[in-house]
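Text of final-v8.tsv (TSV, C-alpha atoms and all ligand atoms) as supplied:
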```
chain	number	residue	atom	x	y	z
A	16	MET	CA	32.65	-0.34	-23.75
A	17	LEU	CA	32.09	-3.83	-25.14
A	18	ASN	CA	28.31	-3.65	-25.39
A	19	LYS	CA	25.62	-1.12	-25.99
A	20	THR	CA	23.08	-1.15	-23.20
A	21	ARG	CA	19.72	-2.27	-24.55
A	22	LEU	CA	16.65	-1.63	-22.45
A	23	LEU	CA	14.17	-4.44	-22.95
A	24	THR	CA	12.25	-3.23	-19.93
A	25	PRO	CA	8.61	-2.23	-19.48
A	26	GLY	CA	9.64	1.37	-18.95
A	27	PRO	CA	11.75	3.37	-19.18
A	28	THR	CA	12.34	2.48	-22.81
A	29	PRO	CA	14.96	3.60	-25.35
A	30	LEU	CA	14.43	6.90	-27.15
A	31	PRO	CA	14.73	7.68	-30.88
A	32	GLU	CA	17.33	10.25	-31.83
A	33	GLN	CA	14.68	12.69	-33.14
A	34	VAL	CA	13.03	12.67	-29.73
A	35	ARG	CA	16.32	13.14	-27.86
A	36	LEU	CA	17.17	16.11	-30.04
A	37	ALA	CA	13.75	17.66	-29.45
A	38	LEU	CA	14.23	17.19	-25.70
A	39	ALA	CA	17.53	19.03	-25.88
A	40	ARG	CA	16.00	22.29	-27.14
A	41	ASP	CA	16.32	25.42	-25.04
A	42	MET	CA	13.29	26.66	-23.11
A	43	LEU	CA	10.19	28.13	-24.67
A	44	HIS	CA	7.94	30.14	-22.46
A	45	HIS	CA	4.90	28.09	-21.54
A	46	ARG	CA	2.44	31.01	-21.69
A	47	LYS	CA	3.50	32.36	-25.10
A	48	ASN	CA	2.19	31.69	-28.59
A	49	GLU	CA	5.02	29.55	-29.90
A	50	PHE	CA	4.40	26.98	-27.18
A	51	ALA	CA	0.61	27.17	-27.57
A	52	THR	CA	0.96	26.33	-31.28
A	53	ILE	CA	2.88	23.20	-30.35
A	54	MET	CA	0.34	22.32	-27.65
A	55	HIS	CA	-2.53	22.57	-30.14
A	56	ARG	CA	-0.71	20.37	-32.66
A	57	VAL	CA	0.07	17.84	-29.92
A	58	GLN	CA	-3.58	17.92	-28.81
A	59	ALA	CA	-4.86	17.02	-32.28
A	60	ARG	CA	-2.42	14.10	-32.44
A	61	LEU	CA	-3.23	12.93	-28.92
A	62	ARG	CA	-6.90	12.67	-29.85
A	63	ILE	CA	-5.95	10.30	-32.66
A	64	LEU	CA	-3.74	8.27	-30.32
A	65	PHE	CA	-6.52	7.97	-27.71
A	66	GLY	CA	-9.30	7.58	-30.27
A	67	THR	CA	-11.31	10.36	-28.71
A	68	GLU	CA	-12.95	13.61	-29.69
A	69	GLY	CA	-12.50	14.86	-26.15
A	70	THR	CA	-9.55	16.74	-24.68
A	71	VAL	CA	-6.46	14.75	-23.71
A	72	LEU	CA	-4.75	16.38	-20.73
A	73	PRO	CA	-0.96	16.32	-20.35
A	74	LEU	CA	-0.09	16.11	-16.64
A	75	SER	CA	3.37	16.68	-15.12
A	76	CYS	CA	3.75	13.47	-13.16
A	77	SER	CA	4.53	9.80	-13.64
A	78	GLY	CA	1.75	7.41	-14.63
A	79	THR	CA	0.74	6.83	-11.02
A	80	GLY	CA	0.01	10.56	-10.76
A	81	ALA	CA	-2.60	10.23	-13.49
A	82	MET	CA	-4.10	7.20	-11.68
A	83	THR	CA	-4.27	9.35	-8.54
A	84	ALA	CA	-5.83	12.25	-10.46
A	85	ALA	CA	-8.51	9.97	-11.91
A	86	VAL	CA	-9.48	8.54	-8.53
A	87	HIS	CA	-9.51	11.96	-6.83
A	88	CYS	CA	-11.46	13.74	-9.55
A	89	LEU	CA	-14.05	11.09	-10.42
A	90	PHE	CA	-15.17	9.74	-7.04
A	91	HIS	CA	-16.46	11.18	-3.79
A	92	PRO	CA	-14.85	9.80	-0.63
A	93	GLY	CA	-17.00	6.93	0.59
A	94	GLU	CA	-18.14	5.93	-2.89
A	95	LYS	CA	-17.65	2.32	-3.86
A	96	VAL	CA	-15.43	1.14	-6.71
A	97	LEU	CA	-14.67	-2.26	-8.16
A	98	VAL	CA	-10.95	-2.89	-8.59
A	99	VAL	CA	-9.80	-5.59	-11.00
A	100	GLU	CA	-6.71	-7.09	-9.44
A	101	ALA	CA	-4.51	-9.63	-11.16
A	102	GLY	CA	-1.09	-8.19	-10.45
A	103	LYS	CA	0.94	-5.39	-8.95
A	104	PHE	CA	-0.74	-2.54	-10.80
A	105	GLY	CA	-4.23	-3.77	-10.04
A	106	GLN	CA	-3.20	-3.69	-6.39
A	107	ARG	CA	-2.06	-0.12	-6.89
A	108	TRP	CA	-5.56	0.90	-8.01
A	109	GLY	CA	-6.83	-0.50	-4.72
A	110	GLU	CA	-4.22	1.37	-2.69
A	111	ILE	CA	-4.92	4.68	-4.41
A	112	ALA	CA	-8.68	4.24	-4.01
A	113	LYS	CA	-8.28	3.47	-0.31
A	114	SER	CA	-6.07	6.52	0.17
A	115	ARG	CA	-8.94	8.60	-1.26
A	116	GLY	CA	-11.29	7.03	1.27
A	117	LEU	CA	-13.21	4.98	-1.27
A	118	ASP	CA	-14.93	1.74	-0.41
A	119	VAL	CA	-13.01	-0.85	-2.44
A	120	ALA	CA	-14.49	-4.11	-3.71
A	121	THR	CA	-11.85	-6.32	-5.29
A	122	LEU	CA	-12.33	-8.74	-8.15
A	123	SER	CA	-9.24	-10.92	-8.49
A	124	ALA	CA	-7.81	-13.26	-11.08
A	125	PRO	CA	-4.66	-15.34	-10.59
A	126	TRP	CA	-1.50	-13.52	-11.67
A	127	GLY	CA	-0.86	-14.40	-15.30
A	128	GLN	CA	-4.56	-14.58	-16.15
A	129	ALA	CA	-7.04	-12.00	-17.39
A	130	ILE	CA	-10.30	-11.24	-15.63
A	131	GLN	CA	-13.44	-12.70	-17.18
A	132	PRO	CA	-15.72	-9.92	-18.46
A	133	LYS	CA	-18.69	-11.91	-17.17
A	134	ALA	CA	-17.28	-11.72	-13.63
A	135	VAL	CA	-17.18	-7.92	-13.87
A	136	GLU	CA	-20.73	-7.82	-15.22
A	137	ASP	CA	-22.00	-10.11	-12.43
A	138	ALA	CA	-20.28	-7.99	-9.78
A	139	LEU	CA	-21.87	-4.81	-11.14
A	140	LYS	CA	-25.30	-6.39	-11.31
A	141	SER	CA	-25.14	-7.77	-7.79
A	142	ASP	CA	-23.96	-4.52	-6.20
A	143	PRO	CA	-25.70	-1.36	-7.40
A	144	ALA	CA	-23.62	0.76	-4.99
A	145	ILE	CA	-20.55	0.39	-7.23
A	146	ALA	CA	-19.85	3.73	-8.92
A	147	GLY	CA	-16.88	2.78	-11.06
A	148	VAL	CA	-14.54	0.04	-12.29
A	149	LEU	CA	-10.76	0.47	-12.12
A	150	VAL	CA	-8.73	-1.80	-14.37
A	151	GLN	CA	-5.48	-2.07	-16.32
A	152	LEU	CA	-5.57	-2.70	-20.06
A	153	SER	CA	-2.12	-4.28	-19.86
A	154	GLU	CA	-1.13	-5.56	-16.38
A	155	THR	CA	2.60	-4.99	-16.70
A	156	SER	CA	3.60	-7.13	-13.71
A	157	THR	CA	2.43	-10.27	-15.53
A	158	GLY	CA	2.06	-9.31	-19.20
A	159	VAL	CA	-1.69	-9.92	-19.33
A	160	LEU	CA	-4.18	-7.93	-21.39
A	161	HIS	CA	-7.52	-7.52	-19.63
A	162	PRO	CA	-10.70	-7.60	-21.78
A	163	VAL	CA	-11.33	-3.87	-21.56
A	164	ARG	CA	-13.36	-3.79	-24.74
A	165	GLU	CA	-15.81	-6.35	-23.33
A	166	ILE	CA	-15.90	-4.68	-19.91
A	167	ALA	CA	-16.66	-1.36	-21.60
A	168	ALA	CA	-19.48	-2.98	-23.56
A	169	CYS	CA	-21.04	-3.66	-20.16
A	170	THR	CA	-20.25	-0.43	-18.29
A	171	ARG	CA	-21.30	1.86	-21.15
A	172	LYS	CA	-24.86	0.54	-20.83
A	173	ARG	CA	-24.83	1.16	-17.09
A	174	SER	CA	-24.09	4.08	-14.79
A	175	GLN	CA	-20.66	2.89	-13.62
A	176	LEU	CA	-17.61	4.73	-14.94
A	177	LEU	CA	-14.86	2.61	-16.50
A	178	VAL	CA	-11.39	3.91	-15.61
A	179	VAL	CA	-8.57	2.29	-17.59
A	180	ASP	CA	-4.86	2.38	-16.78
A	181	GLY	CA	-3.42	2.09	-20.27
A	182	ILE	CA	0.12	2.94	-19.19
A	183	SER	CA	1.74	-0.07	-20.85
A	184	ALA	CA	-0.83	-0.34	-23.65
A	185	VAL	CA	-1.52	3.05	-25.24
A	186	GLY	CA	0.49	3.29	-28.46
A	187	LEU	CA	1.15	-0.46	-28.31
A	188	SER	CA	-2.18	-2.17	-28.87
A	189	PRO	CA	-5.56	-0.79	-29.97
A	190	CYS	CA	-7.63	1.04	-27.38
A	191	PRO	CA	-9.98	3.43	-29.19
A	192	MET	CA	-11.51	5.17	-26.21
A	193	ASP	CA	-14.71	6.59	-27.71
A	194	GLU	CA	-15.46	3.55	-29.86
A	195	TRP	CA	-15.13	1.14	-26.96
A	196	GLY	CA	-16.88	3.42	-24.47
A	197	ILE	CA	-14.10	3.96	-21.93
A	198	ASP	CA	-14.78	6.78	-19.43
A	199	CYS	CA	-11.22	7.53	-18.41
A	200	LEU	CA	-8.10	6.44	-20.26
A	201	LEU	CA	-4.65	7.34	-19.02
A	202	THR	CA	-1.05	6.58	-19.87
A	203	GLY	CA	2.53	7.56	-19.06
A	204	SER	CA	5.34	8.79	-21.26
A	205	GLN	CA	8.01	6.14	-20.65
A	206	LYS	CA	6.32	3.02	-22.04
A	207	GLY	CA	4.85	3.03	-25.53
A	208	LEU	CA	5.45	6.68	-26.31
A	209	MET	CA	9.25	6.66	-26.68
A	210	LEU	CA	9.74	9.45	-24.13
A	211	PRO	CA	11.50	9.83	-20.79
A	212	PRO	CA	9.41	9.33	-17.63
A	213	GLY	CA	7.62	12.29	-16.08
A	214	LEU	CA	4.63	13.03	-18.29
A	215	ALA	CA	1.19	11.47	-18.02
A	216	LEU	CA	-1.81	11.80	-20.34
A	217	LEU	CA	-5.44	11.48	-19.35
A	218	ALA	CA	-8.76	11.78	-21.15
A	219	LEU	CA	-12.36	11.58	-19.95
A	220	SER	CA	-15.66	10.74	-21.64
A	221	GLU	CA	-18.54	13.25	-21.65
A	222	ARG	CA	-20.25	11.55	-18.73
A	223	ALA	CA	-16.98	11.37	-16.80
A	224	TRP	CA	-16.54	15.14	-17.25
A	225	LYS	CA	-20.06	15.60	-15.84
A	226	LYS	CA	-19.15	13.47	-12.83
A	227	ALA	CA	-15.88	15.37	-12.35
A	228	ALA	CA	-17.81	18.65	-12.29
A	229	ASP	CA	-19.86	17.20	-9.44
A	230	VAL	CA	-16.91	16.05	-7.29
A	231	PRO	CA	-15.27	18.79	-5.18
A	232	PRO	CA	-11.50	18.93	-5.91
A	233	GLY	CA	-9.83	16.14	-3.96
A	234	CYS	CA	-6.42	17.78	-4.06
A	235	PHE	CA	-4.97	21.09	-5.16
A	236	TYR	CA	-2.52	19.87	-7.80
A	237	PHE	CA	-4.79	17.61	-9.80
A	238	ASN	CA	-7.76	19.66	-10.94
A	239	LEU	CA	-8.85	18.18	-14.24
A	240	ILE	CA	-11.58	20.77	-14.79
A	241	LYS	CA	-9.12	23.67	-14.56
A	242	GLU	CA	-6.54	21.67	-16.48
A	243	ARG	CA	-8.94	21.31	-19.41
A	244	VAL	CA	-9.65	25.06	-19.53
A	245	ASN	CA	-5.90	25.65	-19.83
A	246	VAL	CA	-5.26	22.91	-22.38
A	247	GLU	CA	-7.92	24.41	-24.64
A	248	LYS	CA	-5.83	27.62	-24.62
A	249	GLY	CA	-2.66	25.67	-25.45
A	250	GLN	CA	-1.41	25.81	-21.88
A	251	THR	CA	-1.34	23.74	-18.71
A	252	LEU	CA	-2.58	24.70	-15.25
A	253	PHE	CA	0.93	25.04	-13.77
A	254	THR	CA	4.32	25.41	-15.50
A	255	SER	CA	4.34	23.02	-18.46
A	256	PRO	CA	6.88	20.22	-18.82
A	257	VAL	CA	8.13	22.09	-21.87
A	258	ASN	CA	10.78	19.63	-23.05
A	259	LEU	CA	8.58	16.60	-22.61
A	260	ILE	CA	5.89	18.30	-24.69
A	261	LEU	CA	8.47	19.04	-27.40
A	262	GLY	CA	9.53	15.40	-27.26
A	263	LEU	CA	5.90	14.28	-27.38
A	264	ASP	CA	5.31	16.40	-30.48
A	265	GLU	CA	8.15	14.50	-32.14
A	266	SER	CA	7.20	11.02	-30.91
A	267	LEU	CA	3.56	11.49	-31.95
A	268	SER	CA	4.64	12.58	-35.39
A	269	MET	CA	6.68	9.36	-35.65
A	270	LEU	CA	3.85	7.17	-34.32
A	271	LEU	CA	1.28	8.67	-36.66
A	272	GLU	CA	3.53	8.86	-39.72
A	273	ASN	CA	2.14	5.66	-41.25
A	274	GLY	CA	-0.98	5.44	-39.15
A	275	LEU	CA	-1.58	3.73	-35.81
A	276	GLU	CA	-2.47	0.46	-37.55
A	277	ALA	CA	1.15	0.20	-38.68
A	278	VAL	CA	2.37	0.77	-35.12
A	279	TYR	CA	0.06	-1.93	-33.77
A	280	ALA	CA	1.10	-4.29	-36.56
A	281	LYS	CA	4.75	-3.81	-35.60
A	282	GLN	CA	3.94	-4.43	-31.93
A	283	TRP	CA	1.95	-7.53	-32.77
A	284	ALA	CA	4.86	-8.82	-34.87
A	285	LEU	CA	7.36	-8.12	-32.05
A	286	THR	CA	5.05	-9.99	-29.67
A	287	MET	CA	5.00	-12.99	-32.04
A	288	LEU	CA	8.79	-12.80	-32.36
A	289	THR	CA	9.25	-12.81	-28.58
A	290	ARG	CA	6.68	-15.48	-27.81
A	291	THR	CA	7.99	-17.81	-30.52
A	292	GLY	CA	11.55	-17.23	-29.35
A	293	ILE	CA	10.67	-17.94	-25.71
A	294	THR	CA	8.92	-21.17	-26.65
A	295	ALA	CA	11.79	-22.23	-28.93
A	296	LEU	CA	14.18	-21.64	-26.03
A	297	GLY	CA	12.18	-24.27	-24.15
A	298	LEU	CA	10.72	-21.79	-21.65
A	299	ARG	CA	7.05	-21.63	-20.73
A	300	LEU	CA	5.06	-18.49	-21.50
A	301	PHE	CA	3.63	-17.04	-18.30
A	302	THR	CA	0.60	-15.67	-20.17
A	303	PRO	CA	-0.59	-18.43	-22.53
A	304	GLN	CA	-3.65	-16.35	-23.48
A	305	ASN	CA	-4.75	-12.73	-23.38
A	306	PHE	CA	-1.23	-11.40	-23.62
A	307	ALA	CA	-0.10	-7.80	-23.90
A	308	TRP	CA	1.60	-6.45	-27.03
A	309	GLY	CA	4.43	-4.59	-25.33
A	310	ILE	CA	5.72	-7.11	-22.81
A	311	THR	CA	6.20	-10.87	-22.70
A	312	SER	CA	6.73	-12.88	-19.52
A	313	ALA	CA	8.34	-16.31	-19.34
A	314	LEU	CA	8.60	-18.79	-16.49
A	315	LEU	CA	12.17	-19.79	-15.72
A	316	PRO	CA	13.18	-23.45	-15.28
A	317	ASP	CA	12.72	-24.76	-11.73
A	318	GLY	CA	15.71	-24.01	-9.54
A	319	MET	CA	17.01	-21.29	-11.85
A	320	ASN	CA	17.96	-18.09	-10.02
A	321	GLY	CA	16.23	-15.39	-12.04
A	322	VAL	CA	18.00	-12.54	-10.27
A	323	GLN	CA	21.40	-13.99	-11.17
A	324	LEU	CA	20.23	-14.65	-14.72
A	325	LEU	CA	19.19	-11.04	-15.29
A	326	ARG	CA	22.44	-9.78	-13.80
A	327	LEU	CA	24.45	-11.97	-16.17
A	328	ALA	CA	22.41	-10.87	-19.22
A	329	MET	CA	23.01	-7.26	-18.27
A	330	GLU	CA	26.68	-7.40	-17.28
A	331	LYS	CA	27.90	-9.73	-20.00
A	332	TYR	CA	25.54	-8.93	-22.88
A	333	GLY	CA	24.26	-5.42	-22.15
A	334	ILE	CA	20.64	-6.57	-22.20
A	335	VAL	CA	18.45	-5.13	-19.44
A	336	MET	CA	15.29	-7.12	-18.76
A	337	ALA	CA	12.87	-7.12	-15.85
A	338	GLY	CA	12.23	-9.87	-13.34
A	339	GLY	CA	9.12	-10.80	-11.42
A	340	GLN	CA	7.64	-8.89	-8.51
A	341	ASP	CA	6.47	-10.22	-5.14
A	342	HIS	CA	5.96	-14.01	-5.25
A	343	LEU	CA	7.21	-14.06	-8.85
A	344	LYS	CA	10.60	-12.58	-7.93
A	345	GLY	CA	13.34	-14.74	-9.44
A	346	ARG	CA	10.78	-17.00	-11.13
A	347	ILE	CA	9.88	-15.10	-14.28
A	348	VAL	CA	11.62	-12.87	-16.73
A	349	ARG	CA	9.71	-10.00	-18.33
A	350	ILE	CA	10.93	-8.87	-21.72
A	351	GLY	CA	9.77	-5.41	-22.68
A	352	HIS	CA	9.31	-4.80	-26.40
A	353	MET	CA	7.88	-1.32	-26.20
A	354	GLY	CA	9.06	2.15	-27.11
A	355	TRP	CA	11.92	2.51	-29.57
A	356	VAL	CA	12.62	-1.24	-29.72
A	357	ASP	CA	12.79	-3.27	-32.91
A	358	TRP	CA	13.33	-6.86	-34.08
A	359	ALA	CA	17.10	-6.60	-33.75
A	360	ASP	CA	16.91	-5.53	-30.09
A	361	VAL	CA	14.56	-8.38	-29.21
A	362	THR	CA	16.68	-10.86	-31.14
A	363	ALA	CA	19.71	-9.72	-29.15
A	364	GLY	CA	17.65	-10.20	-25.99
A	365	LEU	CA	16.74	-13.76	-26.89
A	366	TYR	CA	20.40	-14.51	-27.64
A	367	ALA	CA	21.48	-13.09	-24.28
A	368	LEU	CA	18.78	-15.11	-22.55
A	369	ASN	CA	19.86	-18.33	-24.23
A	370	ARG	CA	23.53	-17.75	-23.42
A	371	SER	CA	22.88	-16.70	-19.84
A	372	LEU	CA	20.61	-19.69	-19.18
A	373	ALA	CA	23.29	-22.03	-20.52
A	374	GLU	CA	26.06	-20.35	-18.54
A	375	LEU	CA	24.15	-20.68	-15.29
A	376	GLY	CA	23.92	-24.43	-15.89
A	377	GLY	CA	21.17	-27.03	-15.97
A	378	TYR	CA	20.14	-25.85	-19.43
A	379	SER	CA	21.72	-27.15	-22.59
A	380	GLY	CA	20.93	-24.20	-24.84
A	381	ALA	CA	18.57	-24.07	-27.80
A	382	ARG	CA	19.31	-24.09	-31.51
A	383	ASP	CA	17.41	-22.51	-34.37
A	384	TYR	CA	15.43	-20.38	-31.92
A	385	LEU	CA	16.41	-17.14	-33.64
A	386	GLU	CA	15.40	-18.47	-37.06
A	387	GLN	CA	12.04	-19.54	-35.68
A	388	ALA	CA	11.48	-16.26	-33.88
A	389	LEU	CA	12.38	-14.15	-36.91
A	390	ALA	CA	10.19	-16.28	-39.18
A	391	ALA	CA	7.25	-15.64	-36.83
A	392	TYR	CA	8.03	-11.93	-36.93
A	393	THR	CA	8.11	-11.81	-40.71
A	394	THR	CA	4.93	-13.81	-41.06
A	395	ALA	CA	3.10	-11.59	-38.59
A	396	LEU	CA	4.36	-8.40	-40.20
A	397	ASN	CA	3.46	-9.49	-43.72
A	398	GLY	CA	0.13	-10.95	-42.73
A	399	VAL	CA	-2.99	-9.22	-43.97
A	400	PRO	CA	-4.21	-6.69	-41.39
A	401	GLY	CA	-7.28	-8.83	-40.68
A	402	GLN	CA	-5.04	-11.44	-39.08
A	403	MET	CA	-4.01	-9.06	-36.37
A	404	PRO	CA	-6.62	-9.49	-33.67
A	405	LEU	CA	-8.45	-6.35	-32.72
A	406	LEU	CA	-10.26	-8.25	-30.03
A	407	THR	CA	-8.38	-8.33	-26.78
A	408	HIS	CA	-9.98	-11.42	-25.35
A	409	SER	CA	-9.98	-15.00	-26.58
B	1	LIG	C1	4.50	1.55	-15.36
B	1	LIG	C2	3.11	1.36	-14.96
B	1	LIG	C3	2.54	2.11	-13.92
B	1	LIG	C4	3.32	3.07	-13.08
B	1	LIG	O1	3.73	4.15	-13.78
B	1	LIG	P1	4.76	5.20	-13.12
B	1	LIG	O2	5.09	6.05	-14.29
B	1	LIG	O3	5.90	4.38	-12.60
B	1	LIG	O4	4.05	5.90	-12.04
B	1	LIG	C5	1.20	1.92	-13.63
B	1	LIG	N1	0.45	1.05	-14.32
B	1	LIG	C6	0.97	0.30	-15.31
B	1	LIG	C7	0.09	-0.65	-16.03
B	1	LIG	C8	2.31	0.43	-15.65
B	1	LIG	O5	2.82	-0.32	-16.64
```
Just give me the structure of the file as structure tokens.
Amino acid sequence: MLNKTRLLTPGPTPLPEQVRLALARDMLHHRKNEFATIMHRVQARLRILFGTEGTVLPLSCSGTGAMTAAVHCLFHPGEKVLVVEAGKFGQRWGEIAKSRGLDVATLSAPWGQAIQPKAVEDALKSDPAIAGVLVQLSETSTGVLHPVREIAACTRKRSQLLVVDGISAVGLSPCPMDEWGIDCLLTGSQKGLMLPPGLALLALSERAWKKAADVPPGCFYFNLIKERVNVEKGQTLFTSPVNLILGLDESLSMLLENGLEAVYAKQWALTMLTRTGITALGLRLFTPQNFAWGITSALLPDGMNGVQLLRLAMEKYGIVMAGGQDHLKGRIVRIGHMGWVDWADVTAGLYALNRSLAELGGYSGARDYLEQALAAYTTALNGVPGQMPLLTHS
């Protein structure tokens, strides 16, 4: 009763009231006109969100389902793909590809770093058997932003398809699919889109649709070709996730209200707030460069028990943050600033972090960190749009 629970996690994220009310509506029938009208409106908005003229398919599954659908619909078993791996979700691309019987070549970067676009280009040039590149835009396990724009500049001139997991990036930082030349862009509902988990969205380029037409269906449930036929009628292949679509209609209307640029500007400002706050707390940023706009990771002081720290922040201050995975468990904290999160939530998170660090000992506590963080936020938000980097790679 003392605290509100605040989710500063990289999914699920908090939901706006408008979205929660839309989710609470009674059923519509998914094959009748009223629902089709909503589907068509949602489709027009999704194309703006994805920056594509193509069809964006809503799929009833979590984000990993859309990753699975992409791999199964775009590649023949035995075909070779290049997986960019610099964290947990890069590894997942490799696992999914192997489960489809693909030949997986892995291009790795240390966790916390982005892949060099040149390394991708060299790999493609040296191995003509590679049929596609699988990458994350934002690698959520570390908080890194991979140089998808630069990778696309290379793949679009070649025959390889570029498949991008934008699950923790779409609606958070720019990723105009058609303009950059991405062949498959996918996301999930519970990260940047201010929705509950359970809905994924996926779009293909023209040449990816051609390839999909050539690949025999890899599984019964994910059939993107049939899915597109239905979406064009305002339906989905199987029973639609009616409430999630109603919620999506509402969240897209919020996201597009002042244009996507305004959404990205807010995310950029929240990123500046968090990064400045982390540094002012005396912690080291885990991603010094090429950082995502929806999540910030910080290294904890040596000897600090990160698991205990997160438990304290949650139980005493109501702030839920994420820790590290695998070898980073207990060593980093990941602060999500995505979904329905604003400056006040992140400020509360920084306060809880400062207090919890001090209470666990060996850390004297910072001063003025909130002032510094909020000043960075204001500066970033009021900056001319040109100051917000559209380029993802430095
Ligand atoms: C969250 C996330 C996933 C997994 O999504 P699920 O909805 O849990 O299946 C995959 N990739 C990235 C980059 C993510 O952030």
Would you list the residues that come within 9 Å of ligand LIG 1 (chain B)? Count only C-alpha atoms and all ligand atoms and give the answer as JSON, numbers by chain.
{"A": [25, 26, 27, 76, 77, 78, 79, 80, 81, 82, 103, 104, 105, 107, 108, 151, 152, 153, 154, 155, 156, 180, 181, 182, 183, 184, 202, 203, 204, 205, 206, 212, 213, 214, 215]}
How would you write as an MDAnalysis selection string the residues that get within 10 Å of (-2.5, 24.7, -15.9) in the file's frame, counting only C-alpha atoms?
chainID A and resid 45:46 72:75 236:246 248:255
Those residues you just picked out, can you put them in a file as a tab-separated table (two decimals), keeping the file's coordinate frame with C-alpha atoms?
```tsv
chain	number	residue	atom	x	y	z
A	45	HIS	CA	4.90	28.09	-21.54
A	46	ARG	CA	2.44	31.01	-21.69
A	72	LEU	CA	-4.75	16.38	-20.73
A	73	PRO	CA	-0.96	16.32	-20.35
A	74	LEU	CA	-0.09	16.11	-16.64
A	75	SER	CA	3.37	16.68	-15.12
A	236	TYR	CA	-2.52	19.87	-7.80
A	237	PHE	CA	-4.79	17.61	-9.80
A	238	ASN	CA	-7.76	19.66	-10.94
A	239	LEU	CA	-8.85	18.18	-14.24
A	240	ILE	CA	-11.58	20.77	-14.79
A	241	LYS	CA	-9.12	23.67	-14.56
A	242	GLU	CA	-6.54	21.67	-16.48
A	243	ARG	CA	-8.94	21.31	-19.41
A	244	VAL	CA	-9.65	25.06	-19.53
A	245	ASN	CA	-5.90	25.65	-19.83
A	246	VAL	CA	-5.26	22.91	-22.38
A	248	LYS	CA	-5.83	27.62	-24.62
A	249	GLY	CA	-2.66	25.67	-25.45
A	250	GLN	CA	-1.41	25.81	-21.88
A	251	THR	CA	-1.34	23.74	-18.71
A	252	LEU	CA	-2.58	24.70	-15.25
A	253	PHE	CA	0.93	25.04	-13.77
A	254	THR	CA	4.32	25.41	-15.50
A	255	SER	CA	4.34	23.02	-18.46
```
Using all atoms listed in the file: which of A:Met329, A:Ala390, A:Trp126, A:Lys140 has the shortest distance to A:Ile347:
A:Trp126
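The nearest approach to A:Pro191 among the residues A:Ala138, A:Val96, A:Leu61, A:Cys169, with all atoms listed in the file taken into account, belongs to A:Leu61.
The interatomic distance for the pair atom CA of A:Gly186 and atom CA of A:Thr294 works out to 25.9 Å.
Comparing the minimum interatomic distances between A:Ile145 and each of A:Arg62, A:Lys172, A:His352, A:Lys95, counting all atoms listed in the file, we find that A:Lys95 sits nearest.
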Atom CA of A:Gly66 and atom CA of A:Glu100, how far apart in Å?
25.6 Å
Name the residues in contact with A:Thr121 at a cut-off of 8 Å, using only C-alpha atoms, excluding same-chain residues fewer than 6 positions from it; report them as a PyMOL selection string.
chain A and resi 97-100+109
